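Undergrad: The following block contains the structure, expressed as structure tokens.
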Amino acid sequence: MHSTVLKRISAYLLDFLLVLLLVTLLSYVPFLNPHRKEYSEKYNELVNVYDRFADGEISQAEYDEAYVPIAYEMYRYNTSYVVIDLVIVILYFAVLPFFSGGQTVGKKLFQIKIVGKDEKKLNFYQYLIRAVVLNNVLISILLQAIVYLMDVESYEFFYRNVNLVGYIIQYATLFLVFVRRDGRGLHDMIAGTRVVLTENQDKKRIGQIQVEEQVLDSELERPKKSKKKDVIEARVIDKKNVVKKKENTNRKR
């Protein structure tokens, strides 16, 4: 596992929560999200249908028949929220790192940063592509397009399968981050980026490695010194024994 993996996951989770909080707060602003009330009503209606199904009041077929049109309307009312979310995602994951040396709030806290694959300076388009792939921006846009371009009878099949593709992309990205030696995910490979430790953190890591090597060297050196000491003591004892033998021999004479 690459040395930055846990830091990257922790940083992204923090960034995700910050973005979610900001988007949620902005969604309560009436002129930014004018259909919030209608969306909430449809959501509650969907929950009610599910509760009836869970209680056995309606069958699976009846639930599916009721679910599709309610969800369709709910997705359409959710467009403003999606737009707010996409704008904040681009600002946070593309614009902010571009002006802050490859760092978001989470990355700064965990002392990692985005750099070019060959340590070259990144341009804005690389940050933008990285943010789009990492956060499934194109998938979100396509899902909203499906809801507006298709009628209620035909949208569900395409919506469900495009959403599945989005999940596959996310899992593939996470899988690559875990298994690749350089820790580059799908978004890094497409954008030509990678995530590394900041200079201070890298120096700290190198210092820890040097300390560990010194401890290991001292542990390896200790048996050698002990063995050498034993050899010297054995020679001293042998010399003492030889002297005693000579003294005993002289006394007998």
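A note on labels: chains of the structure tokens are A, B, ... as shown, every chain counts residues from 1, and ligands are counted from 1 in their shown order.
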Quick check for you: according to DSSP on this backbone, which residues of region 54-217 of chain A are classed as alpha helix (DSSP H)? Reply as a VMD selection string.
TA: chain A and resid 54 60 to 77 79 to 90 96 to 99 105 to 109 124 to 134 137 to 149 155 to 179 186 to 191 199 to 217
Undergrad: Which polymer residues have any atom within 12 Å of an atom of Leu164 (chain A), counting only C-alpha atoms, with same-chain residues fewer than 5 positions away left out, as a PDB file with C-alpha atoms, in the first residue's frame?
TA:
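Contents of the output file around35.pdb:
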```pdb
ATOM      1  CA  ASN A 136     -18.473  11.789 -11.099  1.00  0.00           C
ATOM      2  CA  ILE A 139     -22.398  11.163 -14.454  1.00  0.00           C
ATOM      3  CA  SER A 140     -24.405  13.681 -12.393  1.00  0.00           C
ATOM      4  CA  LEU A 143     -28.485  11.685 -14.878  1.00  0.00           C
ATOM      5  CA  PHE A 157     -33.748   1.930 -17.181  1.00  0.00           C
ATOM      6  CA  PHE A 158     -31.215   4.511 -18.351  1.00  0.00           C
ATOM      7  CA  TYR A 159     -31.096   6.308 -15.013  1.00  0.00           C
ATOM      8  CA  ILE A 169     -15.959   4.379 -11.684  1.00  0.00           C
ATOM      9  CA  GLN A 170     -15.795   5.272  -7.975  1.00  0.00           C
ATOM     10  CA  TYR A 171     -14.910   1.719  -6.913  1.00  0.00           C
TER      11      TYR A 171
END
```
Undergrad: Can you pull out every residue from region 68-148 of chain A that DSSP, working from the backbone, puts in strand (DSSP E), and format the result as a PyMOL selection string?
TA: chain A and resi 112-116
Undergrad: Could you write out that same residue set with C-alpha atoms as a PDB file, in the first residue's frame?
TA:
```
ATOM      1  CA  ILE A 112      -0.324  15.965   1.311  1.00  0.00           C
ATOM      2  CA  LYS A 113      -0.648  17.723  -2.036  1.00  0.00           C
ATOM      3  CA  ILE A 114      -1.413  17.156  -5.716  1.00  0.00           C
ATOM      4  CA  VAL A 115       1.543  17.354  -8.102  1.00  0.00           C
ATOM      5  CA  GLY A 116       2.220  16.510 -11.730  1.00  0.00           C
TER       6      GLY A 116
END
```
Undergrad: Produce a table with one row for each residue of region 51-113 of chain A that has an atom at most 9 Å from any atom of region 12-30 of chain A, each row naming the nearest atom pair and its distance in Å at one decimal; use only C-alpha atoms; arrange rows by chain and rising residue number; format as a tab-separated table.
TA:
```
residue	atom	partner	partner_atom	distance
A:Ser80	CA	A:Ser27	CA	8.0
A:Tyr81	CA	A:Ser27	CA	6.0
A:Ile84	CA	A:Val23	CA	6.4
A:Asp85	CA	A:Val23	CA	5.7
A:Ile88	CA	A:Val19	CA	6.9
A:Val89	CA	A:Val19	CA	6.9
A:Tyr92	CA	A:Val19	CA	7.6
A:Phe93	CA	A:Asp15	CA	8.7
A:Thr104	CA	A:Asp15	CA	7.3
A:Val105	CA	A:Asp15	CA	6.6
A:Gly106	CA	A:Asp15	CA	5.4
A:Lys107	CA	A:Tyr12	CA	7.7
```
Undergrad: Nearest residue to Asn163 (chain A) out of A:Tyr125, A:Val177, A:Val95, A:Leu138, using only C-alpha atoms?
TA: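 Distance minimum relative to Asn163 (chain A) lands on A:Leu138.
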Undergrad: Write out as a compact mmCIF listing (two decimals) with N, CA and C atoms, in the first residue's frame each polymer residue whose atoms come within 10 Å of Tyr50 (chain A), counting only C-alpha atoms; drop sequence neighbours fewer than 6 positions from it.
TA:
```txt
# COMPACT_ATOMS: atom_id res chain seq x y z
N ASN A 44 -41.06 12.73 0.96
CA ASN A 44 -41.93 12.19 2.02
C ASN A 44 -42.97 11.23 1.44
N GLY A 56 -46.35 -4.47 4.43
CA GLY A 56 -47.12 -5.48 3.73
C GLY A 56 -48.46 -5.00 3.20
N GLU A 57 -48.68 -3.70 3.20
CA GLU A 57 -49.96 -3.16 2.73
C GLU A 57 -50.06 -3.20 1.20
N ILE A 58 -48.91 -3.09 0.53
CA ILE A 58 -48.90 -3.18 -0.93
C ILE A 58 -47.86 -4.20 -1.36
N GLN A 60 -44.88 -5.92 -4.10
CA GLN A 60 -43.68 -5.43 -4.78
C GLN A 60 -44.05 -4.73 -6.08
N TYR A 63 -45.55 -1.41 -5.36
CA TYR A 63 -44.50 -0.48 -4.90
C TYR A 63 -43.70 0.07 -6.08
N ASP A 64 -43.28 -0.84 -6.98
CA ASP A 64 -42.51 -0.42 -8.16
C ASP A 64 -43.31 0.54 -9.03
N ALA A 66 -45.66 2.57 -8.07
CA ALA A 66 -45.79 3.87 -7.41
C ALA A 66 -44.46 4.61 -7.33
N TYR A 67 -43.37 3.84 -7.18
CA TYR A 67 -42.04 4.43 -6.99
C TYR A 67 -41.58 5.23 -8.21
```
Undergrad: Do you know which residues are at most 8 Å from Arg76 (chain A) counting only C-alpha atoms, after dropping those on the same chain fewer than 6 positions away, and could you put them as a list in words?
TA: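 Neighbouring residues, sequence-local ones excluded: Gln144, Val147 and Tyr148 of chain A.
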Undergrad: Would you write out those residues with N, CA and C atoms, as a PDB file, in the first residue's frame?
TA:
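selection26.pdb, written as the output of this step:
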```
ATOM      1  N   GLN A 144     -29.214  14.007 -14.769  1.00  0.00           N
ATOM      2  CA  GLN A 144     -30.219  15.070 -14.851  1.00  0.00           C
ATOM      3  C   GLN A 144     -30.735  15.229 -16.267  1.00  0.00           C
ATOM      4  N   VAL A 147     -33.423  12.625 -16.943  1.00  0.00           N
ATOM      5  CA  VAL A 147     -34.710  12.967 -16.323  1.00  0.00           C
ATOM      6  C   VAL A 147     -35.462  14.003 -17.157  1.00  0.00           C
ATOM      7  N   TYR A 148     -34.721  14.960 -17.774  1.00  0.00           N
ATOM      8  CA  TYR A 148     -35.392  16.022 -18.518  1.00  0.00           C
ATOM      9  C   TYR A 148     -35.673  15.657 -19.968  1.00  0.00           C
TER      10      TYR A 148
END
```
Undergrad: In Å, how far is it from CA of Val137 (chain A) to CA of Glu41 (chain A)?
TA: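 Atom-to-atom, CA of Val137 (chain A) and CA of Glu41 (chain A) are spaced 26.4 Å apart.
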Undergrad: For Lys42 (chain A), list every protein, DNA or RNA residue within 8 Å, evaluated using only C-alpha atoms, and leave out those in the same chain fewer than 5 positions away; present the list as a list in words.
TA: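 Counting only C-alpha atoms, the residues come to Ile70, Ala71, Glu73 and Met74 of chain A.
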Undergrad: Between A:Arg36, A:His187, A:Arg160, A:Arg180, which has the minimum distance to Leu128 (chain A) (counting only C-alpha atoms)?
TA: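 Result for the nearest residue to Leu128 (chain A): A:His187.
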